[in-house]
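Chemist: This structure is in structure tokens; I'll ask about it shortly.
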Amino acid sequence: MIIAIAILGWAFGAAINWLADSLPFFRKPAMPRCPACTAPFSPISWFAVPAIIARVWRCEYCSTRRQTRTLLVEILAIAGSISIYFWSNSPTSFWSAFLVSAVFLLIIVIDMEHKLILHVVTFPAAVLFIVLGLLNPQMSLGRVLLGGAVGFGLFFLLYLLGGIFARNVSGGQDNADDEVALGFGDVTLATIIGLAVGFPGVIEALLRGILAAGLFSIAYLIFMKMRRRYSAFTPIPYGPFLILGAWWVYFWGWAWLERILNM
Ligand SMILES: [Zn+2]
């Protein structure tokens with residue numbers, strides 16, 4: 001069974017790499033191909049693990065090295081699917097956690113590489129997460145939709161505040177659009193996180209995400225200052241941190257909220 005789970009995770013890892021190589025450019029899936037010269041990959045290169053074993057790590061047309069990310073994602077997907085298998089207590093809970101995590105991993109990869117959260121990912125994910133929420137006996141349609149609404153509302157507010165902040169920093173010039181700390185993609189991400197973890201978990205998931213991003217920013221600023229490469233406003237992708245918060249709540253629950261509610 002473990003072997004089957006590992007193969008399943010591996011296949012999804014390869015699919016995540018393939019989507020992360022095509023969606024940011026075409027907004028739709030395209031055949032696995034070299035990101036540098038767009039030559040199609042031979043079937044053995046569709047997966048990173050056999051590609052590195054068979055020594056076809058470089059593109060056979062332009063000899064550009066394959067991204068290390070493709071190997072990392074496949075290994076993470078295998079490890080993740082086995083962990084979810086041990087965590088889950090029913091086939092439904094396994095498949096829900098597996099699909100939710102696969103979507104989140106895809107969003108992390110694209111956000112880190114392109115600072116983009118694509119509607120072509122988040123819109124189908126929203127539908128999928130609502131369906132998975134209905135299949136979960138501990139969820140209800142109300143909790144799922146309320147989670148999504150709270151995620152959207154909270155981050156739409158932050159998005160509006162961020163826009164005001166960026167406009168003031170840039171002195172009224174409207175060139176701050178691509179440097180805005182929190183883009184609209186983060187609003188859609190917060191919405192689907194709400195759909196995935198439901199209400200009230202969404203509150204803790206987003207708080208943990210914001211806190212993690214804040215701590216990382218501070219550490220990053222200190223690091224840059226020590227290397228004397230300080231710049232006032234370096235946007236970091238918010239998505240991966242929000243997803244870490246979402247994963248935390250999805251797998252371990254909302255201990256913070258429980259403590260507050262029990263006070
Ligand atoms: Zn190439």
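So you can find residues: chains in the structure tokens are A, B, ... in the order shown, residues in each start at 1, and ligands are numbered from 1 in order.
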Give me, as a Markdown table, each residue of chain A that comes within 10 Å of ligand 1, together with its shortest interatomic pair and the distance in Å at one decimal, counting only C-alpha atoms and all ligand atoms, with rows ordered by chain and rising residue number.
Modeler:
| residue | atom | partner | partner_atom_place_in_ligand_line | distance |
| --- | --- | --- | --- | --- |
| A:Arg33 | CA | ligand 1 | 1 (Zn) | 7.8 |
| A:Cys34 | CA | ligand 1 | 1 (Zn) | 4.6 |
| A:Pro35 | CA | ligand 1 | 1 (Zn) | 6.7 |
| A:Ala36 | CA | ligand 1 | 1 (Zn) | 5.1 |
| A:Cys37 | CA | ligand 1 | 1 (Zn) | 4.1 |
| A:Thr38 | CA | ligand 1 | 1 (Zn) | 6.0 |
| A:Ala39 | CA | ligand 1 | 1 (Zn) | 5.5 |
| A:Pro40 | CA | ligand 1 | 1 (Zn) | 8.2 |
| A:Phe41 | CA | ligand 1 | 1 (Zn) | 8.5 |
| A:Arg58 | CA | ligand 1 | 1 (Zn) | 7.7 |
| A:Cys59 | CA | ligand 1 | 1 (Zn) | 4.5 |
| A:Glu60 | CA | ligand 1 | 1 (Zn) | 6.6 |
| A:Tyr61 | CA | ligand 1 | 1 (Zn) | 5.1 |
| A:Cys62 | CA | ligand 1 | 1 (Zn) | 4.2 |
| A:Ser63 | CA | ligand 1 | 1 (Zn) | 5.9 |
| A:Thr64 | CA | ligand 1 | 1 (Zn) | 5.5 |
| A:Arg65 | CA | ligand 1 | 1 (Zn) | 8.2 |
| A:Arg66 | CA | ligand 1 | 1 (Zn) | 8.7 |
Chemist: Include N, CA and C atoms and write out the residues we just selected as a PDB file, in the first residue's frame.
Modeler:
ATOM      1  N   ARG A  33       7.677  20.468 -21.290  1.00  0.00           N
ATOM      2  CA  ARG A  33       8.618  21.022 -22.241  1.00  0.00           C
ATOM      3  C   ARG A  33       9.727  21.754 -21.512  1.00  0.00           C
ATOM      4  N   CYS A  34      10.816  22.001 -22.214  1.00  0.00           N
ATOM      5  CA  CYS A  34      11.948  22.744 -21.647  1.00  0.00           C
ATOM      6  C   CYS A  34      11.534  24.194 -21.443  1.00  0.00           C
ATOM      7  N   PRO A  35      11.660  24.729 -20.213  1.00  0.00           N
ATOM      8  CA  PRO A  35      11.246  26.117 -19.985  1.00  0.00           C
ATOM      9  C   PRO A  35      12.118  27.112 -20.762  1.00  0.00           C
ATOM     10  N   ALA A  36      13.364  26.721 -21.107  1.00  0.00           N
ATOM     11  CA  ALA A  36      14.271  27.660 -21.760  1.00  0.00           C
ATOM     12  C   ALA A  36      13.995  27.766 -23.261  1.00  0.00           C
ATOM     13  N   CYS A  37      13.878  26.614 -23.968  1.00  0.00           N
ATOM     14  CA  CYS A  37      13.764  26.670 -25.434  1.00  0.00           C
ATOM     15  C   CYS A  37      12.420  26.133 -25.915  1.00  0.00           C
ATOM     16  N   THR A  38      11.548  25.737 -25.001  1.00  0.00           N
ATOM     17  CA  THR A  38      10.200  25.227 -25.277  1.00  0.00           C
ATOM     18  C   THR A  38      10.191  23.932 -26.100  1.00  0.00           C
ATOM     19  N   ALA A  39      11.358  23.274 -26.241  1.00  0.00           N
ATOM     20  CA  ALA A  39      11.362  21.969 -26.915  1.00  0.00           C
ATOM     21  C   ALA A  39      10.623  20.963 -26.036  1.00  0.00           C
ATOM     22  N   PRO A  40       9.804  20.092 -26.642  1.00  0.00           N
ATOM     23  CA  PRO A  40       9.075  19.122 -25.810  1.00  0.00           C
ATOM     24  C   PRO A  40      10.040  18.151 -25.138  1.00  0.00           C
ATOM     25  N   PHE A  41       9.731  17.768 -23.893  1.00  0.00           N
ATOM     26  CA  PHE A  41      10.534  16.769 -23.186  1.00  0.00           C
ATOM     27  C   PHE A  41      10.235  15.385 -23.743  1.00  0.00           C
ATOM     28  N   ARG A  58      19.957  17.634 -18.631  1.00  0.00           N
ATOM     29  CA  ARG A  58      20.001  18.818 -19.481  1.00  0.00           C
ATOM     30  C   ARG A  58      19.085  18.617 -20.686  1.00  0.00           C
ATOM     31  N   CYS A  59      18.519  19.738 -21.185  1.00  0.00           N
ATOM     32  CA  CYS A  59      17.656  19.673 -22.369  1.00  0.00           C
ATOM     33  C   CYS A  59      18.484  19.167 -23.550  1.00  0.00           C
ATOM     34  N   GLU A  60      17.926  18.219 -24.342  1.00  0.00           N
ATOM     35  CA  GLU A  60      18.726  17.660 -25.434  1.00  0.00           C
ATOM     36  C   GLU A  60      18.846  18.623 -26.611  1.00  0.00           C
ATOM     37  N   TYR A  61      18.072  19.714 -26.594  1.00  0.00           N
ATOM     38  CA  TYR A  61      18.172  20.680 -27.697  1.00  0.00           C
ATOM     39  C   TYR A  61      19.074  21.857 -27.330  1.00  0.00           C
ATOM     40  N   CYS A  62      18.799  22.481 -26.149  1.00  0.00           N
ATOM     41  CA  CYS A  62      19.560  23.688 -25.820  1.00  0.00           C
ATOM     42  C   CYS A  62      20.506  23.448 -24.643  1.00  0.00           C
ATOM     43  N   SER A  63      20.517  22.228 -24.094  1.00  0.00           N
ATOM     44  CA  SER A  63      21.360  21.795 -22.981  1.00  0.00           C
ATOM     45  C   SER A  63      21.251  22.690 -21.747  1.00  0.00           C
ATOM     46  N   THR A  64      20.099  23.351 -21.584  1.00  0.00           N
ATOM     47  CA  THR A  64      19.839  24.065 -20.339  1.00  0.00           C
ATOM     48  C   THR A  64      19.546  23.035 -19.244  1.00  0.00           C
ATOM     49  N   ARG A  65      20.121  23.289 -18.060  1.00  0.00           N
ATOM     50  CA  ARG A  65      19.880  22.365 -16.950  1.00  0.00           C
ATOM     51  C   ARG A  65      18.421  22.450 -16.511  1.00  0.00           C
ATOM     52  N   ARG A  66      17.886  21.314 -16.168  1.00  0.00           N
ATOM     53  CA  ARG A  66      16.550  21.255 -15.599  1.00  0.00           C
ATOM     54  C   ARG A  66      16.569  21.939 -14.241  1.00  0.00           C
TER      55      ARG A  66
END
Chemist: Would you list the contacts of Ala255 (chain A) as a ChimeraX atom specification, taking every protein, DNA or RNA residue within 12 Å and counting only C-alpha atoms, but skipping same-chain residues closer than 6 positions in sequence?
Modeler: /A:200-201,203-205,208,248-249,261-262
Chemist: Separation of CA of Ala149 (chain A) and CA of Asn136 (chain A), in Å?
Modeler: 18.9 Å
Chemist: DSSP on the backbone, then: every residue of region 29-65 of chain A marked strand (DSSP E or B), written as an mmCIF file with all heavy atoms, in the first residue's frame.
Modeler:
data_model
loop_
_atom_site.group_PDB
_atom_site.id
_atom_site.type_symbol
_atom_site.label_atom_id
_atom_site.label_comp_id
_atom_site.auth_asym_id
_atom_site.auth_seq_id
_atom_site.Cartn_x
_atom_site.Cartn_y
_atom_site.Cartn_z
ATOM 1 N N ARG A 33 7.677 20.468 -21.290
ATOM 2 C CA ARG A 33 8.618 21.022 -22.241
ATOM 3 C C ARG A 33 9.727 21.754 -21.512
ATOM 4 O O ARG A 33 9.582 22.099 -20.344
ATOM 5 C CB ARG A 33 7.887 21.996 -23.162
ATOM 6 C CG ARG A 33 7.229 23.101 -22.380
ATOM 7 C CD ARG A 33 6.293 23.906 -23.204
ATOM 8 N NE ARG A 33 6.767 25.275 -23.314
ATOM 9 C CZ ARG A 33 6.884 26.125 -22.296
ATOM 10 N NH1 ARG A 33 6.603 25.763 -21.061
ATOM 11 N NH2 ARG A 33 7.312 27.331 -22.483
ATOM 12 N N PRO A 40 9.804 20.092 -26.642
ATOM 13 C CA PRO A 40 9.075 19.122 -25.810
ATOM 14 C C PRO A 40 10.040 18.151 -25.138
ATOM 15 O O PRO A 40 11.043 17.755 -25.734
ATOM 16 C CB PRO A 40 8.155 18.415 -26.811
ATOM 17 C CG PRO A 40 8.757 18.650 -28.142
ATOM 18 C CD PRO A 40 9.497 19.948 -28.072
ATOM 19 N N ARG A 58 19.957 17.634 -18.631
ATOM 20 C CA ARG A 58 20.001 18.818 -19.481
ATOM 21 C C ARG A 58 19.085 18.617 -20.686
ATOM 22 O O ARG A 58 18.932 17.497 -21.162
ATOM 23 C CB ARG A 58 21.426 19.071 -19.976
ATOM 24 C CG ARG A 58 22.329 19.648 -18.908
ATOM 25 C CD ARG A 58 23.767 19.675 -19.398
ATOM 26 N NE ARG A 58 24.654 20.118 -18.337
ATOM 27 C CZ ARG A 58 24.889 21.398 -18.054
ATOM 28 N NH1 ARG A 58 24.315 22.344 -18.759
ATOM 29 N NH2 ARG A 58 25.699 21.728 -17.071
ATOM 30 N N ARG A 65 20.121 23.289 -18.060
ATOM 31 C CA ARG A 65 19.880 22.365 -16.950
ATOM 32 C C ARG A 65 18.421 22.450 -16.511
ATOM 33 O O ARG A 65 17.827 23.509 -16.492
ATOM 34 C CB ARG A 65 20.761 22.736 -15.759
ATOM 35 C CG ARG A 65 22.178 22.281 -15.882
ATOM 36 C CD ARG A 65 23.033 23.026 -14.876
ATOM 37 N NE ARG A 65 22.513 22.855 -13.516
ATOM 38 C CZ ARG A 65 22.927 21.892 -12.689
ATOM 39 N NH1 ARG A 65 23.856 21.052 -13.083
ATOM 40 N NH2 ARG A 65 22.425 21.790 -11.477
#
Chemist: Determine the nearest neighbour of Gln138 (chain A) from the options A:Phe199, A:Phe47, A:Phe155, A:Phe26, counting only C-alpha atoms.
Modeler: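 Comparing A:Phe199, A:Phe47, A:Phe155, A:Phe26 against Gln138 (chain A), the winner is A:Phe199.
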Chemist: Taking into account only C-alpha atoms, which residue in the set A:Ile222, A:Gly163, A:Asp186, A:Ala97 is nearest to Lys115 (chain A)?
Modeler: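 Nearest to Lys115 (chain A): A:Asp186.
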Chemist: One decimal, Å: what's the distance from CA of Ile5 (chain A) over to CA of Ile82 (chain A), could you say?
Modeler: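 Atom-to-atom, CA of Ile5 (chain A) and CA of Ile82 (chain A) are spaced 6.2 Å apart.
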Chemist: CA of Tyr238 (chain A) and CA of Phe184 (chain A) are how many Å apart?
Modeler: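 It comes out at 11.1 Å.
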Chemist: Name all residues at most 9 Å from Gly209 (chain A) (count only C-alpha atoms; drop same-chain ones fewer than 5 positions away) and give them as a PyMOL selection string.
Modeler: chain A and resi 204+214+238-246
Chemist: Convert the current residue selection to file output with C-alpha atoms, as a PDB file, in the first residue's frame.
Modeler:
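Generated output (again17.pdb):
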ATOM      1  CA  GLU A 204      -6.147  30.899  12.878  1.00  0.00           C
ATOM      2  CA  GLY A 214       6.172  38.816   9.383  1.00  0.00           C
ATOM      3  CA  TYR A 238       2.925  35.997   0.838  1.00  0.00           C
ATOM      4  CA  GLY A 239       1.355  32.827  -0.577  1.00  0.00           C
ATOM      5  CA  PRO A 240       3.762  30.189   0.794  1.00  0.00           C
ATOM      6  CA  PHE A 241       3.379  31.542   4.351  1.00  0.00           C
ATOM      7  CA  LEU A 242      -0.413  31.635   4.166  1.00  0.00           C
ATOM      8  CA  ILE A 243      -0.355  28.044   2.929  1.00  0.00           C
ATOM      9  CA  LEU A 244       1.918  26.982   5.808  1.00  0.00           C
ATOM     10  CA  GLY A 245      -0.724  28.426   8.156  1.00  0.00           C
ATOM     11  CA  ALA A 246      -3.466  26.613   6.246  1.00  0.00           C
TER      12      ALA A 246
END
Chemist: If you run DSSP on the backbone here, which positions in region 95-242 of chain A get helix (DSSP H, G or I)? Please write them as a PyMOL selection string.
Modeler: chain A and resi 95-114+119-135+141-169+177-179+184-197+201-226+239-242
Chemist: Please provide as a ChimeraX atom specification all residues within 12 Å of Val144 (chain A), with the sequence filter that same-chain residues fewer than 6 positions apart are discarded (counting only C-alpha atoms).
Modeler: /A:126-138,150-151,191-202
Chemist: Those same residues - C-alpha atoms - I'd like them written as a PDB file, in the first residue's frame.
Modeler:
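Generated output (selection_7.pdb):
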ATOM      1  CA  ALA A 126     -12.481  26.822  -5.017  1.00  0.00           C
ATOM      2  CA  VAL A 127     -14.998  24.426  -6.614  1.00  0.00           C
ATOM      3  CA  LEU A 128     -12.917  21.385  -5.624  1.00  0.00           C
ATOM      4  CA  PHE A 129     -12.545  22.552  -2.006  1.00  0.00           C
ATOM      5  CA  ILE A 130     -16.300  23.153  -1.650  1.00  0.00           C
ATOM      6  CA  VAL A 131     -17.014  19.611  -2.913  1.00  0.00           C
ATOM      7  CA  LEU A 132     -14.378  18.132  -0.566  1.00  0.00           C
ATOM      8  CA  GLY A 133     -15.861  20.126   2.315  1.00  0.00           C
ATOM      9  CA  LEU A 134     -19.276  18.599   1.627  1.00  0.00           C
ATOM     10  CA  LEU A 135     -17.747  15.096   1.703  1.00  0.00           C
ATOM     11  CA  ASN A 136     -16.143  15.801   5.095  1.00  0.00           C
ATOM     12  CA  PRO A 137     -18.510  14.703   7.909  1.00  0.00           C
ATOM     13  CA  GLN A 138     -16.893  17.236  10.296  1.00  0.00           C
ATOM     14  CA  VAL A 150     -14.099  35.395   6.101  1.00  0.00           C
ATOM     15  CA  GLY A 151     -10.858  34.694   4.199  1.00  0.00           C
ATOM     16  CA  THR A 191     -10.570  32.715   0.063  1.00  0.00           C
ATOM     17  CA  ILE A 192      -9.725  29.144  -0.953  1.00  0.00           C
ATOM     18  CA  ILE A 193      -7.819  28.620   2.324  1.00  0.00           C
ATOM     19  CA  GLY A 194     -11.084  29.532   4.043  1.00  0.00           C
ATOM     20  CA  LEU A 195     -12.942  27.026   1.879  1.00  0.00           C
ATOM     21  CA  ALA A 196     -10.352  24.331   2.697  1.00  0.00           C
ATOM     22  CA  VAL A 197     -10.213  24.712   6.489  1.00  0.00           C
ATOM     23  CA  GLY A 198     -13.682  26.225   7.043  1.00  0.00           C
ATOM     24  CA  PHE A 199     -14.845  28.535   9.801  1.00  0.00           C
ATOM     25  CA  PRO A 200     -13.491  29.233  12.415  1.00  0.00           C
ATOM     26  CA  GLY A 201     -10.188  27.529  11.454  1.00  0.00           C
ATOM     27  CA  VAL A 202      -9.647  30.082   8.677  1.00  0.00           C
TER      28      VAL A 202
END
Chemist: Give the answer as one residue: which of A:Asn17, A:Ser140, A:Thr188, A:Ser93 has the shortest atom-to-atom distance to Leu72 (chain A), using only C-alpha atoms?
Modeler: A:Asn17
